[in-house]
file structure-v2.cif (mmCIF, C-alpha atoms and all ligand atoms)
data_protein
loop_
_atom_site.group_PDB
_atom_site.id
_atom_site.type_symbol
_atom_site.label_atom_id
_atom_site.label_comp_id
_atom_site.auth_asym_id
_atom_site.auth_seq_id
_atom_site.Cartn_x
_atom_site.Cartn_y
_atom_site.Cartn_z
ATOM 1 C CA MET A 1 -6.254 14.862 20.532
ATOM 2 C CA LYS A 2 -3.250 16.729 21.831
ATOM 3 C CA ILE A 3 -1.023 18.729 19.472
ATOM 4 C CA SER A 4 2.474 19.423 20.758
ATOM 5 C CA ILE A 5 5.435 21.230 19.310
ATOM 6 C CA ILE A 6 8.872 20.301 20.516
ATOM 7 C CA ARG A 7 12.178 22.004 19.878
ATOM 8 C CA GLY A 8 14.728 19.216 19.805
ATOM 9 C CA ASP A 9 15.989 16.053 18.141
ATOM 10 C CA ILE A 10 13.241 13.769 16.831
ATOM 11 C CA THR A 11 15.333 10.651 17.496
ATOM 12 C CA LYS A 12 15.037 11.348 21.239
ATOM 13 C CA VAL A 13 11.249 11.705 21.293
ATOM 14 C CA LYS A 14 9.347 8.799 22.828
ATOM 15 C CA VAL A 15 6.357 8.111 20.605
ATOM 16 C CA ASP A 16 4.784 5.131 18.855
ATOM 17 C CA ALA A 17 5.573 6.388 15.334
ATOM 18 C CA ILE A 18 8.461 8.556 14.166
ATOM 19 C CA VAL A 19 8.187 10.099 10.711
ATOM 20 C CA ASN A 20 11.275 10.269 8.530
ATOM 21 C CA ALA A 21 11.721 12.826 5.729
ATOM 22 C CA ALA A 22 13.246 10.268 3.375
ATOM 23 C CA ASN A 23 14.133 10.542 -0.287
ATOM 24 C CA PHE A 24 12.752 8.497 -3.152
ATOM 25 C CA GLY A 25 15.634 6.025 -3.141
ATOM 26 C CA MET A 26 14.921 5.141 0.517
ATOM 27 C CA LEU A 27 18.549 4.182 1.003
ATOM 28 C CA GLY A 28 19.693 7.099 3.090
ATOM 29 C CA GLY A 29 20.296 10.806 3.056
ATOM 30 C CA GLY A 30 21.473 13.684 5.204
ATOM 31 C CA GLY A 31 19.499 15.856 7.620
ATOM 32 C CA VAL A 32 16.825 14.169 9.683
ATOM 33 C CA ASP A 33 17.054 11.009 7.544
ATOM 34 C CA GLY A 34 20.726 10.571 8.457
ATOM 35 C CA ALA A 35 20.011 11.205 12.140
ATOM 36 C CA ILE A 36 17.155 8.659 12.200
ATOM 37 C CA ARG A 37 19.230 6.028 10.407
ATOM 38 C CA ARG A 38 22.180 6.497 12.746
ATOM 39 C CA ALA A 39 19.960 6.252 15.810
ATOM 40 C CA ALA A 40 17.955 3.252 14.529
ATOM 41 C CA GLY A 41 21.050 1.268 13.621
ATOM 42 C CA HIS A 42 22.196 -0.852 10.701
ATOM 43 C CA SER A 43 19.161 -3.168 10.695
ATOM 44 C CA LEU A 44 17.064 -0.277 9.358
ATOM 45 C CA GLN A 45 19.343 -0.033 6.350
ATOM 46 C CA GLU A 46 18.969 -3.775 5.735
ATOM 47 C CA GLU A 47 15.180 -3.501 5.864
ATOM 48 C CA CYS A 48 15.250 -0.560 3.447
ATOM 49 C CA VAL A 49 17.400 -2.480 0.981
ATOM 50 C CA ARG A 50 14.906 -5.367 1.198
ATOM 51 C CA LEU A 51 11.944 -3.000 0.696
ATOM 52 C CA ARG A 52 13.574 -1.491 -2.377
ATOM 53 C CA LYS A 53 14.046 -4.951 -3.871
ATOM 54 C CA GLU A 54 10.684 -6.448 -2.985
ATOM 55 C CA VAL A 55 8.105 -3.693 -2.436
ATOM 56 C CA ILE A 56 9.158 -0.416 -4.075
ATOM 57 C CA PRO A 57 11.590 -1.337 -6.870
ATOM 58 C CA ASN A 58 11.100 2.114 -8.421
ATOM 59 C CA GLY A 59 11.520 3.966 -5.145
ATOM 60 C CA LEU A 60 8.973 5.829 -3.011
ATOM 61 C CA GLU A 61 6.910 8.457 -4.821
ATOM 62 C CA THR A 62 6.625 12.001 -3.487
ATOM 63 C CA GLY A 63 3.774 12.264 -0.989
ATOM 64 C CA LYS A 64 3.601 8.501 -0.349
ATOM 65 C CA ALA A 65 4.606 6.794 2.899
ATOM 66 C CA ILE A 66 5.893 3.383 3.976
ATOM 67 C CA VAL A 67 6.479 1.719 7.364
ATOM 68 C CA THR A 68 9.583 0.032 8.763
ATOM 69 C CA LYS A 69 10.479 -1.198 12.219
ATOM 70 C CA ALA A 70 12.162 1.337 14.507
ATOM 71 C CA TYR A 71 15.013 -0.877 15.815
ATOM 72 C CA ASN A 72 17.077 1.096 18.370
ATOM 73 C CA LEU A 73 14.756 4.105 18.366
ATOM 74 C CA PRO A 74 12.285 4.554 21.246
ATOM 75 C CA ALA A 75 9.326 4.014 18.887
ATOM 76 C CA LYS A 76 7.241 1.118 17.538
ATOM 77 C CA ILE A 77 7.611 2.074 13.884
ATOM 78 C CA ILE A 78 9.214 4.567 11.530
ATOM 79 C CA ILE A 79 7.010 5.997 8.799
ATOM 80 C CA HIS A 80 9.106 7.143 5.850
ATOM 81 C CA THR A 81 7.695 9.729 3.492
ATOM 82 C CA VAL A 82 9.145 11.726 0.624
ATOM 83 C CA GLY A 83 8.418 15.438 0.634
ATOM 84 C CA PRO A 84 8.275 17.544 -2.534
ATOM 85 C CA ARG A 85 11.188 19.769 -3.505
ATOM 86 C CA TYR A 86 10.024 23.367 -3.129
ATOM 87 C CA TYR A 87 11.562 24.798 -6.301
ATOM 88 C CA SER A 88 11.063 21.909 -8.712
ATOM 89 C CA GLY A 89 8.170 19.937 -7.246
ATOM 90 C CA ASP A 90 4.511 20.389 -6.317
ATOM 91 C CA ILE A 91 4.334 21.773 -2.778
ATOM 92 C CA ASN A 92 0.704 20.645 -2.468
ATOM 93 C CA LEU A 93 2.052 17.099 -2.213
ATOM 94 C CA LEU A 94 3.337 18.027 1.241
ATOM 95 C CA LYS A 95 -0.238 17.616 2.484
ATOM 96 C CA ASN A 96 -0.252 14.032 1.209
ATOM 97 C CA CYS A 97 2.925 13.311 3.201
ATOM 98 C CA TYR A 98 1.225 14.310 6.442
ATOM 99 C CA THR A 99 -2.134 12.657 5.730
ATOM 100 C CA ASN A 100 -0.582 9.409 4.471
ATOM 101 C CA CYS A 101 1.654 9.200 7.558
ATOM 102 C CA LEU A 102 -1.335 9.784 9.848
ATOM 103 C CA LYS A 103 -3.248 7.054 8.014
ATOM 104 C CA LEU A 104 -0.383 4.564 8.428
ATOM 105 C CA ALA A 105 -0.025 5.470 12.107
ATOM 106 C CA GLU A 106 -3.704 4.649 12.620
ATOM 107 C CA GLU A 107 -3.423 1.394 10.663
ATOM 108 C CA ASN A 108 -0.561 0.423 12.950
ATOM 109 C CA ASN A 109 -2.498 1.357 16.082
ATOM 110 C CA CYS A 110 -0.120 4.127 17.065
ATOM 111 C CA GLU A 111 -1.423 6.483 19.726
ATOM 112 C CA SER A 112 1.320 9.048 19.210
ATOM 113 C CA ILE A 113 3.264 10.262 16.196
ATOM 114 C CA ALA A 114 6.183 12.696 15.804
ATOM 115 C CA PHE A 115 6.822 14.626 12.593
ATOM 116 C CA PRO A 116 9.889 16.579 11.510
ATOM 117 C CA ALA A 117 9.303 19.626 9.298
ATOM 118 C CA ILE A 118 9.287 17.621 6.047
ATOM 119 C CA SER A 119 10.818 19.351 2.982
ATOM 120 C CA THR A 120 12.145 22.343 4.944
ATOM 121 C CA GLY A 121 15.815 21.350 4.854
ATOM 122 C CA ALA A 122 17.548 20.210 1.672
ATOM 123 C CA TYR A 123 14.216 20.383 -0.203
ATOM 124 C CA GLY A 124 13.933 24.127 0.390
ATOM 125 C CA CYS A 125 10.368 24.703 1.635
ATOM 126 C CA PRO A 126 10.110 27.890 3.760
ATOM 127 C CA ILE A 127 9.258 26.983 7.352
ATOM 128 C CA GLU A 128 6.296 29.365 7.345
ATOM 129 C CA LYS A 129 4.733 27.579 4.358
ATOM 130 C CA SER A 130 5.319 24.223 6.043
ATOM 131 C CA ALA A 131 3.643 25.458 9.228
ATOM 132 C CA GLU A 132 0.616 26.675 7.236
ATOM 133 C CA ILE A 133 0.227 23.337 5.473
ATOM 134 C CA VAL A 134 0.608 21.373 8.716
ATOM 135 C CA SER A 135 -1.904 23.644 10.415
ATOM 136 C CA GLU A 136 -4.420 23.021 7.620
ATOM 137 C CA VAL A 137 -3.946 19.235 7.738
ATOM 138 C CA LEU A 138 -4.329 19.103 11.510
ATOM 139 C CA GLU A 139 -7.392 21.337 11.532
ATOM 140 C CA ASN A 140 -9.185 18.795 9.368
ATOM 141 C CA PHE A 141 -7.903 15.668 11.080
ATOM 142 C CA LYS A 142 -9.865 13.581 13.558
ATOM 143 C CA SER A 143 -8.930 10.208 14.967
ATOM 144 C CA ASP A 144 -10.200 7.621 17.422
ATOM 145 C CA ILE A 145 -6.740 6.054 17.584
ATOM 146 C CA ILE A 146 -4.156 8.837 17.590
ATOM 147 C CA LYS A 147 -4.091 10.729 20.876
ATOM 148 C CA GLU A 148 -1.040 12.941 20.370
ATOM 149 C CA ILE A 149 0.616 14.532 17.349
ATOM 150 C CA ILE A 150 4.040 16.026 17.999
ATOM 151 C CA LEU A 151 5.745 18.427 15.623
ATOM 152 C CA VAL A 152 9.489 18.466 16.157
ATOM 153 C CA LEU A 153 11.571 21.468 15.136
ATOM 154 C CA PHE A 154 15.311 21.251 15.242
ATOM 155 C CA ASP A 155 16.045 24.972 15.079
ATOM 156 C CA GLU A 156 14.978 27.619 17.574
ATOM 157 C CA GLU A 157 13.812 29.981 14.827
ATOM 158 C CA ASP A 158 11.750 27.258 13.108
ATOM 159 C CA TYR A 159 10.176 26.386 16.455
ATOM 160 C CA GLU A 160 9.159 30.007 17.041
ATOM 161 C CA ILE A 161 7.598 30.260 13.553
ATOM 162 C CA TYR A 162 5.630 27.033 14.055
ATOM 163 C CA LYS A 163 4.486 28.263 17.451
ATOM 164 C CA ARG A 164 3.176 31.482 15.944
ATOM 165 C CA VAL A 165 1.514 30.020 12.827
ATOM 166 C CA LEU A 166 -0.026 27.010 14.554
ATOM 167 C CA GLY A 167 -0.984 29.043 17.573
ATOM 168 C CA ASN A 168 -2.988 31.367 15.322
ATOM 169 C CA GLY A 169 -4.485 28.678 13.134
ATOM 170 C CA MET A 170 -5.515 26.030 15.625
ATOM 171 C CA LYS A 171 -8.652 25.940 17.711
ATOM 172 C CA THR A 172 -7.057 23.706 20.347
ATOM 173 C CA ASP A 173 -4.287 24.755 22.737
ATOM 174 C CA LEU A 174 -0.733 24.001 21.729
ATOM 175 C CA ASN A 175 1.458 22.102 24.142
ATOM 176 C CA GLU A 176 4.973 23.573 23.934
ATOM 177 C CA ILE A 177 8.091 21.677 24.958
ATOM 178 C CA ILE A 178 11.781 22.522 24.721
ATOM 179 C CA MET A 179 14.126 19.537 25.047
ATOM 180 C CA ASP A 180 17.597 19.783 26.555
HETATM 181 P P1 LIG B 1 14.106 17.447 3.437
HETATM 182 O O1 LIG B 1 15.031 16.793 2.443
HETATM 183 O O2 LIG B 1 12.721 16.827 3.439
HETATM 184 O O3 LIG B 1 14.100 18.938 3.312
HETATM 185 P P2 LIG B 1 15.916 17.553 5.741
HETATM 186 O O4 LIG B 1 16.319 16.413 6.603
HETATM 187 O O5 LIG B 1 16.975 18.190 4.916
HETATM 188 O O6 LIG B 1 14.683 17.024 4.860
HETATM 189 O O7 LIG B 1 15.258 18.674 6.657
HETATM 190 C C1 LIG B 1 13.960 18.612 7.187
HETATM 191 C C2 LIG B 1 13.928 19.313 8.534
HETATM 192 O O8 LIG B 1 14.446 18.431 9.537
HETATM 193 C C3 LIG B 1 14.756 20.579 8.624
HETATM 194 O O9 LIG B 1 13.936 21.608 9.184
HETATM 195 C C4 LIG B 1 15.887 20.231 9.600
HETATM 196 O O10 LIG B 1 16.247 21.346 10.413
HETATM 197 C C5 LIG B 1 15.222 19.178 10.444
HETATM 198 N N1 LIG B 1 16.104 18.233 11.177
HETATM 199 C C6 LIG B 1 17.366 17.853 10.906
HETATM 200 N N2 LIG B 1 17.798 16.971 11.829
HETATM 201 C C7 LIG B 1 16.774 16.785 12.706
HETATM 202 C C8 LIG B 1 16.577 16.007 13.896
HETATM 203 N N3 LIG B 1 17.532 15.212 14.373
HETATM 204 N N4 LIG B 1 15.377 16.083 14.534
HETATM 205 C C9 LIG B 1 14.383 16.871 14.058
HETATM 206 N N5 LIG B 1 14.494 17.620 12.950
HETATM 207 C C10 LIG B 1 15.670 17.582 12.280
#

call {"tool": "encode", "arguments": {"input": "structure-v2.cif", "output": "structure tokens"}}
result
Amino acid sequence: MKISIIRGDITKVKVDAIVNAANFGMLGGGGVDGAIRRAAGHSLQEECVRLRKEVIPNGLETGKAIVTKAYNLPAKIIIHTVGPRYYSGDINLLKNCYTNCLKLAEENNCESIAFPAISTGAYGCPIEKSAEIVSEVLENFKSDIIKEIILVLFDEEDYEIYKRVLGNGMKTDLNEIIMD
């Protein structure tokens, strides 16, 4: 399994599954959620409204994940997950976000998956902590289905921190990519 880190915009990454850092209402937000919704198009919003009515009437719990189609995005599916808030939530639930998304990617036969740094924007998790948690999850993850896991960092500084923490923690080589 290849682990890559990319500095760039997750909506431009060509993978089978794109992970969205959603919120519990699943009806839209700022940050990466807003970018993914804009790029996927209005049909995503319609599907989310339908999901809220029929599947998750009480919203999506922190740490859980749910699949939608990807519409105009260059992906097969979007996996939406809700990260914990750093100051008022349980940061250990961030692990569940990553493992539940990986599980759904496998169930949907996805060979590649791209993650944003969940909880590190509006939800306040320090990027270093996020990188440590991701490193721990990936160290313990094996798959016969997933061939590539891509971690996408929007900011240069975040990318450098991920590179350092994951580079130290991982046994495998990191593939490093900077998008235009
Ligand atoms: P959360 O509410 O889970 O903290 P945010 O969307 O506020 O989610 O931020 C999560 C991370 O996503 C932040 O590190 C932010 O820099 C990053 N981000 C924002 N837009 C994009 C994008 N288009 N592609 C990849 N990462 C993004």

call {"tool": "residues_around", "arguments": {"input": "structure-v2.cif", "residues": "region 158-166 of chain A", "least_positions_apart": "3", "cutoff": "12 Å", "atoms": "all atoms listed in the file", "output": "VMD selection string"}}
result
chain A and resid 3 to 9 116 to 117 120 to 121 125 to 139 150 to 155 169 to 179

call {"tool": "closest_residue", "arguments": {"input": "structure-v2.cif", "among": "A:Thr99, A:Glu156, A:Leu73, A:Thr81", "to": "Asp16 (chain A)", "atoms": "only C-alpha atoms"}}
result
A:Leu73

call {"tool": "residues_around", "arguments": {"input": "structure-v2.cif", "residues": "Lys76 (chain A)", "least_positions_apart": "5", "cutoff": "10 Å", "atoms": "only C-alpha atoms", "output": "list in words"}}
result
Lys14, Val15, Asp16, Ala17, Ile18, Thr68, Lys69, Ala70, Tyr71, Asn108, Asn109 and Cys110 of chain A

call {"tool": "write_last_selection", "arguments": {"input": "structure-v2.cif", "atoms": "C-alpha atoms", "output": "compact mmCIF listing (two decimals), keeping the file's coordinate frame"}}
result
# COMPACT_ATOMS: atom_id res chain seq x y z
CA LYS A 14 9.35 8.80 22.83
CA VAL A 15 6.36 8.11 20.60
CA ASP A 16 4.78 5.13 18.86
CA ALA A 17 5.57 6.39 15.33
CA ILE A 18 8.46 8.56 14.17
CA THR A 68 9.58 0.03 8.76
CA LYS A 69 10.48 -1.20 12.22
CA ALA A 70 12.16 1.34 14.51
CA TYR A 71 15.01 -0.88 15.82
CA ASN A 108 -0.56 0.42 12.95
CA ASN A 109 -2.50 1.36 16.08
CA CYS A 110 -0.12 4.13 17.07

call {"tool": "closest_residue", "arguments": {"input": "structure-v2.cif", "among": "A:Ile10, A:Ile149, A:Ala39, A:Ala22", "to": "Ile79 (chain A)", "atoms": "all atoms listed in the file"}}
result
A:Ala22

call {"tool": "closest_residue", "arguments": {"input": "structure-v2.cif", "among": "A:Val55, A:Ile146, A:Ala75, A:Cys97", "to": "ligand LIG 1 (chain B)", "atoms": "all atoms listed in the file"}}
result
A:Cys97

call {"tool": "axis_aligned_box", "arguments": {"input": "structure-v2.cif", "around": "ligand LIG 1 (chain B)", "padding_each_side": "5 Å", "output": "lines of an AutoDock Vina configuration file"}}
result
center_x = 15.3
center_y = 18.4
center_z = 8.5
size_x = 15.1
size_y = 16.4
size_z = 22.1

call {"tool": "resolve_selection", "arguments": {"input": "structure-v2.cif", "expression": "the PyMOL selection byres (((chain A and resi 143) around 10) and not hetatm)", "output": "PyMOL selection string"}}
result
chain A and resi 1+102-103+106+111+141-142+144-148

call {"tool": "closest_residue", "arguments": {"input": "structure-v2.cif", "among": "A:Gly25, A:Gly124, A:Gly167, A:Pro57", "to": "Val82 (chain A)", "atoms": "all atoms listed in the file"}}
result
A:Gly25

call {"tool": "atom_distance", "arguments": {"input": "structure-v2.cif", "atom1": "CA of Ala21 (chain A)", "atom2": "CA of Ser119 (chain A)"}}
result
7.1 Å

call {"tool": "atom_distance", "arguments": {"input": "structure-v2.cif", "atom1": "atom O2 of ligand LIG 1 (chain B)", "atom2": "CA of Asn20 (chain A)"}}
result
8.4 Å

call {"tool": "resolve_selection", "arguments": {"input": "structure-v2.cif", "expression": "the PyMOL selection byres (((chain A and resi 93) around 8) and not hetatm)", "output": "list in words"}}
result
Thr62, Gly63, Gly83, Pro84, Asp90, Ile91, Asn92, Leu94, Lys95, Asn96 and Cys97 of chain A

call {"tool": "atom_distance", "arguments": {"input": "structure-v2.cif", "atom1": "CA of Ala105 (chain A)", "atom2": "CA of Lys64 (chain A)"}}
result
13.3 Å

call {"tool": "closest_residue", "arguments": {"input": "structure-v2.cif", "among": "A:Ala40, A:Ala35, A:Leu27, A:Leu51", "to": "ligand LIG 1 (chain B)", "atoms": "only C-alpha atoms and all ligand atoms"}}
result
A:Ala35

call {"tool": "closest_residue", "arguments": {"input": "structure-v2.cif", "among": "A:Ile66, A:Gly41, A:Lys2, A:Tyr123", "to": "ligand LIG 1 (chain B)", "atoms": "all atoms listed in the file"}}
result
A:Tyr123

call {"tool": "decode", "arguments": {"input": "structure-v2.cif", "residues": "region 50-77 of chain A", "atoms": "N, CA and C atoms", "output": "compact mmCIF listing (two decimals), in the first residue's frame"}}
result
# COMPACT_ATOMS: atom_id res chain seq x y z
N ARG A 50 -31.86 14.23 1.25
CA ARG A 50 -32.58 12.94 1.26
C ARG A 50 -32.03 12.03 2.37
N LEU A 51 -30.72 11.99 2.50
CA LEU A 51 -30.11 11.16 3.56
C LEU A 51 -30.57 11.60 4.95
N ARG A 52 -30.60 12.92 5.15
CA ARG A 52 -31.03 13.44 6.45
C ARG A 52 -32.47 13.02 6.77
N LYS A 53 -33.31 13.01 5.73
CA LYS A 53 -34.71 12.64 5.94
C LYS A 53 -34.85 11.15 6.20
N GLU A 54 -34.14 10.35 5.39
CA GLU A 54 -34.44 8.91 5.35
C GLU A 54 -33.45 8.04 6.14
N VAL A 55 -32.21 8.46 6.27
CA VAL A 55 -31.20 7.56 6.86
C VAL A 55 -30.66 8.07 8.20
N ILE A 56 -30.38 9.37 8.27
CA ILE A 56 -29.79 9.90 9.52
C ILE A 56 -30.62 11.11 9.99
N PRO A 57 -31.87 10.85 10.41
CA PRO A 57 -32.73 11.97 10.81
C PRO A 57 -32.14 12.81 11.94
N ASN A 58 -31.30 12.18 12.78
CA ASN A 58 -30.69 12.95 13.88
C ASN A 58 -29.29 13.46 13.56
N GLY A 59 -28.91 13.37 12.29
CA GLY A 59 -27.59 13.83 11.89
C GLY A 59 -26.55 12.72 12.00
N LEU A 60 -25.31 13.05 11.62
CA LEU A 60 -24.22 12.07 11.63
C LEU A 60 -23.38 12.28 12.89
N GLU A 61 -23.27 11.20 13.67
CA GLU A 61 -22.51 11.30 14.93
C GLU A 61 -21.01 11.49 14.69
N THR A 62 -20.36 12.13 15.62
CA THR A 62 -18.90 12.31 15.56
C THR A 62 -18.19 10.96 15.45
N GLY A 63 -17.28 10.88 14.49
CA GLY A 63 -16.52 9.63 14.31
C GLY A 63 -17.14 8.66 13.32
N LYS A 64 -18.43 8.86 13.00
CA LYS A 64 -19.11 7.98 12.04
C LYS A 64 -18.88 8.48 10.62
N ALA A 65 -19.21 7.64 9.63
CA ALA A 65 -19.02 8.04 8.23
C ALA A 65 -20.16 7.51 7.37
N ILE A 66 -20.42 8.22 6.28
CA ILE A 66 -21.52 7.84 5.38
C ILE A 66 -21.11 8.17 3.94
N VAL A 67 -21.60 7.37 2.99
CA VAL A 67 -21.20 7.51 1.59
C VAL A 67 -22.26 8.23 0.76
N THR A 68 -21.81 9.09 -0.14
CA THR A 68 -22.69 9.63 -1.19
C THR A 68 -21.98 9.44 -2.52
N LYS A 69 -22.73 9.72 -3.59
CA LYS A 69 -22.08 9.76 -4.91
C LYS A 69 -21.17 10.98 -4.97
N ALA A 70 -20.32 11.03 -6.00
CA ALA A 70 -19.35 12.13 -6.07
C ALA A 70 -19.72 13.18 -7.13
N TYR A 71 -20.74 12.87 -7.95
CA TYR A 71 -21.24 13.82 -8.96
C TYR A 71 -20.11 14.40 -9.81
N ASN A 72 -19.90 15.72 -9.79
CA ASN A 72 -18.91 16.32 -10.71
C ASN A 72 -17.45 16.16 -10.26
N LEU A 73 -17.24 15.53 -9.14
CA LEU A 73 -15.85 15.34 -8.68
C LEU A 73 -15.21 14.16 -9.42
N PRO A 74 -13.88 14.18 -9.59
CA PRO A 74 -13.23 13.05 -10.26
C PRO A 74 -13.02 11.87 -9.31
N ALA A 75 -14.12 11.37 -8.73
CA ALA A 75 -14.05 10.27 -7.76
C ALA A 75 -15.28 9.41 -7.95
N LYS A 76 -15.26 8.18 -7.39
CA LYS A 76 -16.45 7.32 -7.46
C LYS A 76 -17.44 7.70 -6.36
N ILE A 77 -16.90 7.95 -5.18
CA ILE A 77 -17.76 8.27 -4.03
C ILE A 77 -17.11 9.36 -3.15
